[in-house]
Structure formats: structure tokens, C-alpha cells
file query00.cif (mmCIF, C-alpha atoms)
data_run
loop_
_atom_site.label_atom_id
_atom_site.label_comp_id
_atom_site.auth_asym_id
_atom_site.auth_seq_id
_atom_site.Cartn_x
_atom_site.Cartn_y
_atom_site.Cartn_z
CA MET A 769 95.13 140.00 85.51
CA ILE A 770 98.04 141.97 84.01
CA THR A 771 96.13 145.24 84.36
CA GLN A 772 95.40 144.40 87.98
CA LEU A 773 99.11 143.80 88.60
CA LEU A 774 99.87 147.18 87.07
CA GLY A 775 97.38 148.86 89.39
CA ASP A 776 98.85 147.00 92.39
CA GLY A 777 102.32 148.42 91.66
CA PHE A 778 103.80 145.05 90.66
CA PHE A 779 105.69 146.63 87.76
CA LYS A 780 107.49 149.26 89.84
CA THR A 781 110.48 146.93 89.63
CA PRO A 782 111.49 145.20 86.36
CA ARG A 783 109.71 141.88 85.77
CA THR A 784 110.25 139.17 83.16
CA ILE A 785 107.38 137.19 81.69
CA SER A 786 108.43 134.15 83.72
CA ALA A 787 108.30 136.24 86.92
CA ILE A 788 104.85 137.52 85.96
CA VAL A 789 103.58 133.99 85.31
CA ALA A 790 105.06 132.67 88.57
CA HIS A 791 103.51 135.52 90.56
CA CYS A 792 100.09 134.95 89.02
CA GLN A 793 100.22 131.20 89.60
CA CYS A 794 101.56 131.23 93.16
CA LEU A 795 100.14 134.35 94.73
CA LYS A 796 97.05 135.14 92.69
CA GLY A 797 95.86 131.59 91.93
CA ALA A 798 95.58 132.36 88.23
CA PRO A 799 97.07 129.64 86.02
CA LEU A 800 98.62 131.71 83.23
CA GLN A 801 101.22 130.83 80.64
CA GLY A 802 103.73 133.16 79.03
CA ASN A 803 101.95 133.21 75.69
CA GLU A 804 98.73 134.25 77.42
CA CYS A 805 100.44 137.26 79.03
CA SER A 806 102.09 138.58 75.87
CA PRO A 807 99.03 140.22 74.23
CA SER A 808 98.16 142.11 77.42
CA LEU A 809 101.75 143.23 77.92
CA LEU A 810 101.98 144.46 74.32
CA ARG A 811 98.72 146.37 74.65
CA LEU A 812 100.00 148.11 77.78
CA LEU A 813 103.27 148.89 76.00
CA ARG A 814 101.40 150.52 73.11
CA ASP A 815 99.23 152.47 75.53
CA GLY A 816 102.36 153.83 77.23
CA LYS A 817 101.57 152.26 80.59
CA LEU A 818 104.53 149.86 80.53
CA LYS A 819 108.00 150.01 79.06
CA ARG A 820 110.43 147.20 78.41
CA GLU A 821 114.16 146.68 78.11
CA LYS A 822 116.31 143.62 77.59
CA ASN A 823 118.23 142.38 80.61
CA LYS A 824 121.71 140.86 80.59
CA ASP A 825 120.22 137.46 79.68
CA GLY A 826 118.46 138.90 76.63
CA GLN A 827 114.97 138.64 78.17
CA TYR A 828 112.56 141.54 78.18
CA GLU A 829 111.82 143.10 81.53
CA TYR A 830 108.63 145.14 81.90
CA THR A 831 108.38 148.15 84.18
CA GLN A 832 105.75 150.77 84.88
CA ALA A 833 106.10 153.77 82.55
#

call {"tool": "encode", "arguments": {"input": "query00.cif", "output": "C-alpha cells"}}
result
Amino acid sequence: MITQLLGDGFFKTPRTISAIVAHCQCLKGAPLQGNECSPSLLRLLRDGKLKREKNKDGQYEYTQA
């Protein structure tokens, strides 16, 4: 699901894990939880497809690399 979002351009703007989960649940019909997204996000970070930075609230935001 995370890879599909990347291909759809979802990460062109910064997204938190909670925003990713909400998008998957509401618009994609995929009941995900934050801990289920983390491994996929980390894999995409290591592959150089995503990057992340902390926002003003101290949460990571993921964007397309």
C-alpha cells in the first residue's frame, strides 16, 4: 500500500504516519495501523525513495526523495 501511495504521488507533500494511516483507511479502504506502516516507510527511506524530517511537533514527515 505504501509503495502504491508513492507511485500515486501521495508523498509529494510532507505526510506524517497518522496522515498516511488516515488516508489508507478513509480513501483506500485499507485498515492500517501506524506500526504496520513503519517497516515499509523505513525500507523506502533506505532505498532512497523517501526522505524524512521532523516537523515542529517533533513528528517525522515523509516526502518523496

call {"tool": "residues_near_point", "arguments": {"input": "query00.cif", "point": "(108.5, 142.3, 82.1)", "cutoff": "7 Å", "atoms": "all atoms listed in the file", "output": "list in words"}}
result
Pro782, Arg783, Thr784, Ile785, Arg820, Tyr828, Glu829, Tyr830 and Thr831 of chain A

call {"tool": "atom_distance", "arguments": {"input": "query00.cif", "atom1": "CA of Leu813 (chain A)", "atom2": "CA of Leu800 (chain A)"}}
result
19.2 Å

call {"tool": "closest_residue", "arguments": {"input": "query00.cif", "among": "A:Leu774, A:Leu818, A:Met769, A:Leu810", "to": "Gly797 (chain A)", "atoms": "only C-alpha atoms"}}
result
A:Met769

call {"tool": "atom_distance", "arguments": {"input": "query00.cif", "atom1": "CA of Asn803 (chain A)", "atom2": "CA of Ala787 (chain A)"}}
result
13.3 Å

call {"tool": "closest_residue", "arguments": {"input": "query00.cif", "among": "A:Gln827, A:Lys817, A:Gln832, A:Leu773", "to": "Leu795 (chain A)", "atoms": "all atoms listed in the file"}}
result
A:Leu773

call {"tool": "atom_distance", "arguments": {"input": "query00.cif", "atom1": "CA of Cys805 (chain A)", "atom2": "CA of Asp825 (chain A)"}}
result
19.8 Å

call {"tool": "residues_near_point", "arguments": {"input": "query00.cif", "point": "(103.0, 128.8, 78.6)", "cutoff": "12 Å", "atoms": "all atoms listed in the file", "output": "PDB file with C-alpha atoms, in the frame of the given file"}}
result
ATOM      1  CA  ILE A 785     107.380 137.190  81.690  1.00  0.00           C
ATOM      2  CA  SER A 786     108.430 134.150  83.720  1.00  0.00           C
ATOM      3  CA  ILE A 788     104.850 137.520  85.960  1.00  0.00           C
ATOM      4  CA  VAL A 789     103.580 133.990  85.310  1.00  0.00           C
ATOM      5  CA  ALA A 790     105.060 132.670  88.570  1.00  0.00           C
ATOM      6  CA  GLN A 793     100.220 131.200  89.600  1.00  0.00           C
ATOM      7  CA  PRO A 799      97.070 129.640  86.020  1.00  0.00           C
ATOM      8  CA  LEU A 800      98.620 131.710  83.230  1.00  0.00           C
ATOM      9  CA  GLN A 801     101.220 130.830  80.640  1.00  0.00           C
ATOM     10  CA  GLY A 802     103.730 133.160  79.030  1.00  0.00           C
ATOM     11  CA  ASN A 803     101.950 133.210  75.690  1.00  0.00           C
ATOM     12  CA  GLU A 804      98.730 134.250  77.420  1.00  0.00           C
ATOM     13  CA  CYS A 805     100.440 137.260  79.030  1.00  0.00           C
ATOM     14  CA  SER A 806     102.090 138.580  75.870  1.00  0.00           C
TER      15      SER A 806
END

call {"tool": "closest_residue", "arguments": {"input": "query00.cif", "among": "A:Lys819, A:Arg814, A:Gly826, A:Leu809", "to": "Thr771 (chain A)", "atoms": "all atoms listed in the file"}}
result
A:Leu809
